[in-house]
Structures are given as C-alpha cells and as structure tokens.
Amino acid sequence: MKTKTTQQLEQQLKRHSKAAKLEIWGRTISLTALLLIVAVVVAIIGFVASKGIATFTSNHVNLWDFLTGKSWNPNITDANGKPEVGALPMIVGSFLITILSAIVATPFAIGTAVFMNEISPNKGAKILQPVTELLVGIPSVVYGFIGLSVVVPTTRAIFGGSGFGILSGTCVLFVMILPTVTSMSADALKSVPRYYREASLALGATQWQTIYKVVLRAATPGLMTAVVFGMARAFGEALAVQMVIGNAALMPNSLVSPSSTLTSVLTTGIGNTVMGSLQNNALWSLALVLLLMSLVFNLIIRLIGRKGRLQ
Amino acid sequence: MDTKKQNKLAIGALYGIAGLVVLILLALLGYILASGLPQLSWHFLTAPAKAFLKGGGVGVQLFNSFYLLILAMAISFPIALGAAIYLYEYARDNWVTTTIRTAIEILSSLPSVVVGLFGFLFFVVKLRLGFSILSGAFALTFFNLPLLTRSIEDSLRTIDLEQREGGLALGLSRWETVTRVILPAAVPSILTGVILSAGRVFGEAAALIYTAGQSAPALNFADWNPFNISSPLNPMRPAETLAVHIWKINSEGIMPDAKAISSGSSAVLIIAILLFNFAARYVGKRLYKRLTSA
C-alpha cells in the first residue's frame with residue numbers, strides 16, 4: 001500500500017508540469033520554423049546545383065568551353081558536333097553592367113550619405129532619408145519601365161542604334177541601387193562615434209578634412225559593404241535589366257549595342273525550352289553561375305565585416 | 001590651395017551631389033505619378049485586361065497581387081516569427097547558430113530570379129502545382145522569409161533584457177515570457193516590419209513569372225467557391241500580378257496602349273507602396289501609444 005503511494009508520488013513529481021510542457025512545445029515549434037528556413041536554403045542550392053551540373057555531366061559540355069565560349073546558341077551544334085553553349089557574353093554582360101553601375105553610383109551615394117550625416121543632418125532627416133527609404137521599396141519592374149520609356153529613347157537619340165544595351169542597363173541599375181547604397185552608407189557613417197569628429201575639429205582640421213581623413217576612413221568597412229551589397233543587387237536584378245538590355249546573346253562590342261546578362265537570358269529563356277533538354281540545362285547552368293556569384297558577394301561582405309571588426 | 005578654400009569647394013561639391021540625387025529621385029517619382037495618374041480611373045482599376053485591344057484594365061491583376069500578398073504573408077509570418085523567436089530567445093551563441101544565420105543571410109541575398117526558378121522547378125514541375133497562386137505564394141514566401149525573420153529579430157532585440165528577467169523572476173517559463181511579455185511589447189515594431197516587407201512582396205515580379213504564371217484568366221467575382229476554376233479564391237489558377245503585368249506587356253505585349261497601361265500600373269504600384277510606408281509609420285506609432293500608454 002505504502003509503496004504504491006510513493007510510486008504515485010514519484011510519478012507525479014517526475015511528470016512535466018503544464019508550463020514545462022508548454023515550454024517544450026513552444027521551443028520545438030520555433031525550432032521547427034527555423035530549421036524549415038535552413039531546409040529551404042539547402043533545397044534551393046541543392047536543386048539549382050543539381051540541375052546546373054547536368055549540362056556538364058549528362059550533356060558532356062566542357063566546363064571551360066562553357067565559361068569561355070563566345071557564342072551562345074544552344075539549338076545549334078558547331079562543326080565538331082558540339083552544342084554552342086558559350087556563356088561568356090552573358091557573364092561579361094553581367095559583370096560589366098554591375099561594375100559600371102557601382103562605379104557611377106558609389107560617389108553619388110557616399111556623397112549624399114555624407115551630406116545627410118555630416119553637413120546638413122536637418123535637411124537629411126527631413127528630405128533625403130524619407131525619399132531614399134521610399135525609393136528602396138520601388139519595384140524593379142517600375143525601374144525597368146521607366147528605363148524603357150525614358151532612358152532607352154534618350155540613348156537612342158544621343159548614340160544612335162536601338163538604344164538598348166549596357167549603357168541603358170547601367171543607367172537603370174544606377175538609379176535602382178542608389179537608394180540602397182545611400183541608406184546603407186548613411187548607416188555606416190552614423191556608427192562612427194561622435195568624439196572622432198570632435199577630436200579632429202579640436203585639432204583645427206576643417207570640416208572637409210574631418211570628413212575625408214577621419215569619418216570616411218573610420219567608416220570604410222561599412223561603406224565597402226554598402227557598395228558590395230549594391231553590386232550584389234545589381235548582379236541579381238533580372239526584369240529591369242532584361243527590359244532595357246536588348247537581349248542579344250552576343251559579346252558586347254560597345255556600350256550601346258544590344259547584349260544580355262545571365263539574368264536576362266534566364267528570364268526570357270526558361271519558359272521557351274523543354275525541361276531536361278540541353279537548351280534547358282544550359283540555362284540552369286547560368287542560374288548556377290548566378291547563385292555562385294551571389295555566394296561570392298556574400299563572402300566578400302563577410303570578409304569586409306570581419307576585417308572591419310579587427311581594427 | 002589653402003585648406004579653407006578646399007573645405008568650401010568640397011562642401012559645395014557635396015551640396016551639388018546631394019542636390020542632384022534628390023533631383024534624380026524626385027524626377028523619378030514625379031515621372032511615374034505624372035504619367036500614371038491620368039490613366040487611373042475606376043474602369044482601369046476594375047476592368048479585366050484586353051490582349052489585343054485598347055481600353056483594358058488591370059482589375060484581375062490588382063486582385064491577384066493582393067491575394068498573393070495575403071497568402072504569402074499568411075504562410076511566411078508564422079514561420080518567420082518562430083524562427084526569430086528561436087534565434088533570439090533560445091539559440092546559444094555557438095557555431096550552429098552562426099551557420100544558421102549565414103544560411104538566412106544567403107537566402108536574403110539570393111537574386112529573386114533564382115528563387116523564382118527554384119519555385120518553378122520544385123512547385124510547378126516536381127509537385128505538379130502548375131502555374132498557380134499556390135506556387136507563387138510559396139515562391140514569395142521564400143523571398144520574404146529571410147527579410148521578415150531579420151526584421152522580427154531586430155524587433156525582439158529592442159525589448160529590454162529587464163523585461164525578460166522580470167518574466168522569468170515571476171516564475172514564467174521562457175516560452176511564456178516570450179508570448180506574454182516580450183511579444184506584446186514588440187508588436188508595434190513587428191507590425192511595422194511586416195507592413196514594410198508587404199510592400200516589397202507586392203512589387204516583386206521576378207520570383208513570380210515562372211511560378212504564378214504570366215496569364216490572368218477572367219474571374220467571376222460573384223463566385224467565391226474556392227474550388228471553381230473561375231472563382232477569384234481558387235488557389236490553383238494561374239495569376240499574373242500587377243508587377244508581372246507591367247513586365248509582360250512591355251517585353252512581349254501587343255496591345256496598342258501598352259505604354260498607357262504600364263504607366264497606370266506603375267502609378268498604382270508606387271501609390272500602394274507609399275501607402276504601405278505611411279501605414280507602417282502610422283500604425284507603429286499608434287499601437288505603441290496604445291500598448292505602452294507612453
């Protein structure tokens with residue numbers, strides 16, 4: 001009789017309370033949600049990689065030929081009976097447009113951020129910040145549409161030709177990444193402690209000397225992160241670029257001739273090819289290149305962050 | 001050149017740059033609104049699109065955009081909330097957590113076209129959902145999850161540690177502390193984040209063209225049975241959104257008034273995003289006042 005009650009007591013004591021059960025339940029649910037996101041990342045990389053590799057494994061395209069070949073024409077086989085899947089024109093197009101738009105956008109973005117933060121914080125907070133924040137949210141198709149109806153005709157009028165090409169793409173991407181890079185640069189400048197500026201001004205430095213020699217240097221890692229982030233966005237942008245680049249898979253021989261980028265070929269091509277065919281697999285390989293490049297940008301941002309922290 | 005002159009020159013240049021940027025940005029907004037607003041009318045906002053003729057509207061596309069937005073937010077919000085709670089309230093600071101954070105960062109930096117292609121591969125082809133609202137909503141969820149998770153985590157971060165200590169000191173479990181103490185305090189800033197991410201989802205197109213499809217079959221707005229093919233609620237129908245519509249009619253459209261329709265649609269998108277932005281600020285402030293009596 002007595003043993004039974006101690007047993008019962010033991011059971012009662014060892015049983016989870018209601019609150020403890022709730023705790024376990026809540027913890028499990030939230031962990032599941034987190035693992036779901038991780039699973040999505042793994043699935044995306046896994047799926048795109050397995051499709052992207054198929055060009056090289058089942059269609060036996062040489063990886064080197066793919067990366068350096070200059071003619072993209074998956075429907076046609078060349079003299080040696082090999083399909084023409086040279087992705088160099090798209091890779092060059094993507095890099096060119098990314099680097100050019102970053103080069104144009106960086107001085108404007110950093111200049112504006114400096115203005116917002118150092119010269120006229122009042123106007124910056126009242127006008128510039130809300131405007132940039134709003135523009136960060138403008139959908140990329142709207143940028144593409146404006147590019148198509150304003151930038152392309154202007155380029156056509158000035159340089160002749162069709163107006164489609166890398167130059168138009170650069171203009172569109174410049175305006176598109178400008179708000180992003182500006183607001184991230186402003187954040188970077190904001191994180192420079194106030195006493196840096198005070199110390200510099202107390203030493204007799206002018207405002208410009210303070211900005212140039214102290215604030216900008218101290219904020220360099222943050223500013224670089226902002227620019228790389230803008231480049232990553234430019235590299236991955238699909239529709240806005242596709243609308244103004246002209247979509248000719250040729251090596252860009254001038255900034256105003258129609259060309260293409262990885263993303264533009266993907267958006268126009270995927271729907272017009274049959275799943276599993278070489279034409280389709282080649283496109284997935286382009287998607288894989290795009291994915292790997294976005295991982296590289298991510299890595300660069302990480303390295304900059306780590307270096308910035310050590311200083 | 002002496003330093004004072006240099007200083008003046010440099011600051012003048014900075015004024016110039018900032019002015020130019022404001023000018024570009026305002027011109028952009030002005031152009032969209034000036035060319036788009038005259039196109040807007042009740043007919044434009046409600047009529048279905050016409051493929052070959054003038055005078056079509058964007059009614060179906062507009063509905064699709066909102067429907068997809070609501071579905072995507074309904075799927076992604078609970079997941080993002082759970083993930084953010086685990087990351088901020090439970091996870092220890094070790095390599096597993098760092099890896100998970102990296103994975104989320106990678107997802108947020110993936111080009112949306114890659115997310116769309118994955119959605120195409122997985123939902124449209126593998127799971128045989130076809131070009132449908134459901135595929136589109138999942139693709140948008142993937143696009144939205146990392147951003148939303150981060151914004152919710154940031155909201156949790158703004159709540160004082162004392163609040164947690166207070167909850168635990170009262171004998172609440174961690175989960176109870178989170179749901180009864182932390183979340184109510186964080187609601188205003190979480191909501192702001194949700195509305196802002198809704199703006200991004202609303203304008204997204206690249207993730208949708210191969211998941212939700214590029215066609216918008218006519219809908220019968222009197223039929224609300226989700227199993228009927230012409231019902232607006234049917235999740236298995238293809239659904240071109242407003243953003244996709246702009247892209248579609250500009251790159252391969254043959255309607256004679258494509259430009260006018262794109263201007264109008266762009267203006268609608270911009271106005272919607274403006275509204276989301278204002279709503280985020282307003283609701284955040286208002287809720288904060290009500291919940292904290294501050």
# chains A, B, ... in the order shown; residues from 1 in each chain; ligands from 1

call {"tool": "interface_residues", "arguments": {"of": "chain A", "to": "chain B", "cutoff": "7 Å", "atoms": "only C-alpha atoms", "output": "PyMOL selection string"}}
result
chain A and resi 19+23+26+29-31+33-34+38+41+44+48+108+111-112+115+128+137-139+141-142+206-208+236-239+243+287+291+294-295+298

call {"tool": "residues_around", "arguments": {"residues": "B:Gly193", "least_positions_apart": "4", "cutoff": "9 Å", "atoms": "only C-alpha atoms", "output": "PyMOL selection string"}}
result
chain B and resi 147-148+151-152+155+188-189+197-198+280

call {"tool": "write_last_selection", "arguments": {"atoms": "N, CA and C atoms", "output": "PDB file, in the first residue's frame"}}
result
ATOM      1  N   LEU B 147      14.027  38.243 -44.936  1.00  0.00           N
ATOM      2  CA  LEU B 147      13.851  39.654 -44.592  1.00  0.00           C
ATOM      3  C   LEU B 147      12.964  39.800 -43.373  1.00  0.00           C
ATOM      4  N   LEU B 148      11.871  39.053 -43.377  1.00  0.00           N
ATOM      5  CA  LEU B 148      10.916  39.151 -42.276  1.00  0.00           C
ATOM      6  C   LEU B 148      11.530  38.622 -40.983  1.00  0.00           C
ATOM      7  N   SER B 151      13.796  41.181 -39.608  1.00  0.00           N
ATOM      8  CA  SER B 151      13.131  42.360 -39.050  1.00  0.00           C
ATOM      9  C   SER B 151      12.439  42.022 -37.726  1.00  0.00           C
ATOM     10  N   ILE B 152      11.879  40.812 -37.616  1.00  0.00           N
ATOM     11  CA  ILE B 152      11.263  40.437 -36.335  1.00  0.00           C
ATOM     12  C   ILE B 152      12.327  40.278 -35.257  1.00  0.00           C
ATOM     13  N   SER B 155      13.194  43.505 -33.977  1.00  0.00           N
ATOM     14  CA  SER B 155      12.156  43.999 -33.070  1.00  0.00           C
ATOM     15  C   SER B 155      12.325  43.399 -31.685  1.00  0.00           C
ATOM     16  N   PRO B 188       4.301  46.626 -31.965  1.00  0.00           N
ATOM     17  CA  PRO B 188       4.341  47.753 -32.898  1.00  0.00           C
ATOM     18  C   PRO B 188       5.477  47.645 -33.907  1.00  0.00           C
ATOM     19  N   SER B 189       6.681  47.307 -33.432  1.00  0.00           N
ATOM     20  CA  SER B 189       7.789  47.300 -34.380  1.00  0.00           C
ATOM     21  C   SER B 189       7.728  46.060 -35.269  1.00  0.00           C
ATOM     22  N   SER B 197       7.685  44.806 -45.341  1.00  0.00           N
ATOM     23  CA  SER B 197       8.009  43.659 -46.188  1.00  0.00           C
ATOM     24  C   SER B 197       6.842  43.362 -47.126  1.00  0.00           C
ATOM     25  N   ALA B 198       5.627  43.699 -46.694  1.00  0.00           N
ATOM     26  CA  ALA B 198       4.485  43.522 -47.591  1.00  0.00           C
ATOM     27  C   ALA B 198       4.654  44.388 -48.832  1.00  0.00           C
ATOM     28  N   ALA B 280       2.869  51.834 -42.258  1.00  0.00           N
ATOM     29  CA  ALA B 280       3.848  51.267 -41.328  1.00  0.00           C
ATOM     30  C   ALA B 280       4.190  52.275 -40.248  1.00  0.00           C
TER      31      ALA B 280
END

call {"tool": "closest_residue", "arguments": {"among": "A:Gln209, A:Arg194, A:Thr220, A:Val131", "to": "B:Asp2", "atoms": "only C-alpha atoms"}}
result
A:Gln209

call {"tool": "select_by_dssp", "arguments": {"residues": "stretch 150-247 of chain B", "states": "helix (DSSP H, G or I)", "output": "number ranges by chain"}}
result
B: 150-157, 161-169, 174-203, 242-247

call {"tool": "residues_around", "arguments": {"residues": "A:Ala226", "least_positions_apart": "5", "cutoff": "8 Å", "atoms": "only C-alpha atoms", "output": "JSON, numbers by chain"}}
result
{"A": [180, 181, 182, 184, 185]}

call {"tool": "residues_around", "arguments": {"residues": "A:Ser200", "least_positions_apart": "4", "cutoff": "8 Å", "atoms": "only C-alpha atoms", "output": "ChimeraX atom specification"}}
result
/A:196,204-205,210,214

call {"tool": "atom_distance", "arguments": {"atom1": "atom CA of B:Val181", "atom2": "atom CA of B:Arg157"}}
result
13.4 Å

call {"tool": "atom_distance", "arguments": {"atom1": "atom CA of A:Lys123", "atom2": "atom CA of A:Leu178"}}
result
18.4 Å

call {"tool": "closest_residue", "arguments": {"among": "B:Ala239, B:Ala72, B:Ile190, B:Ala222", "to": "B:Ala139", "atoms": "only C-alpha atoms"}}
result
B:Ala72

call {"tool": "atom_distance", "arguments": {"atom1": "atom CA of A:Ala218", "atom2": "atom CA of A:Thr132"}}
result
23.5 Å

call {"tool": "residues_around", "arguments": {"residues": "stretch 89-99 of chain A", "least_positions_apart": "4", "cutoff": "6 Å", "atoms": "only C-alpha atoms", "output": "CSV table (one decimal) with C-alpha atoms, in the first residue's frame"}}
result
chain,number,residue,atom,x,y,z
A,70,LYS,CA,31.7,33.3,-77.1
A,170,THR,CA,23.8,50.8,-66.3
A,231,MET,CA,26.7,45.3,-56.6
A,234,ALA,CA,22.7,44.9,-59.5
A,235,PHE,CA,24.1,41.5,-60.4
A,250,LEU,CA,26.4,38.5,-78.3
A,251,MET,CA,29.7,39.7,-76.9
A,260,SER,CA,22.5,40.3,-72.5
A,261,THR,CA,23.2,39.3,-68.9
A,262,LEU,CA,22.8,36.0,-67.0

call {"tool": "closest_residue", "arguments": {"among": "A:Ser168, A:Thr267, A:Gln7, A:Thr57", "to": "A:Asn281", "atoms": "only C-alpha atoms"}}
result
A:Thr57

call {"tool": "residues_around", "arguments": {"residues": "B:Met73", "least_positions_apart": "4", "cutoff": "8 Å", "atoms": "only C-alpha atoms", "output": "list in words"}}
result
Leu69, Phe77, Thr141 and Ala198 of chain B
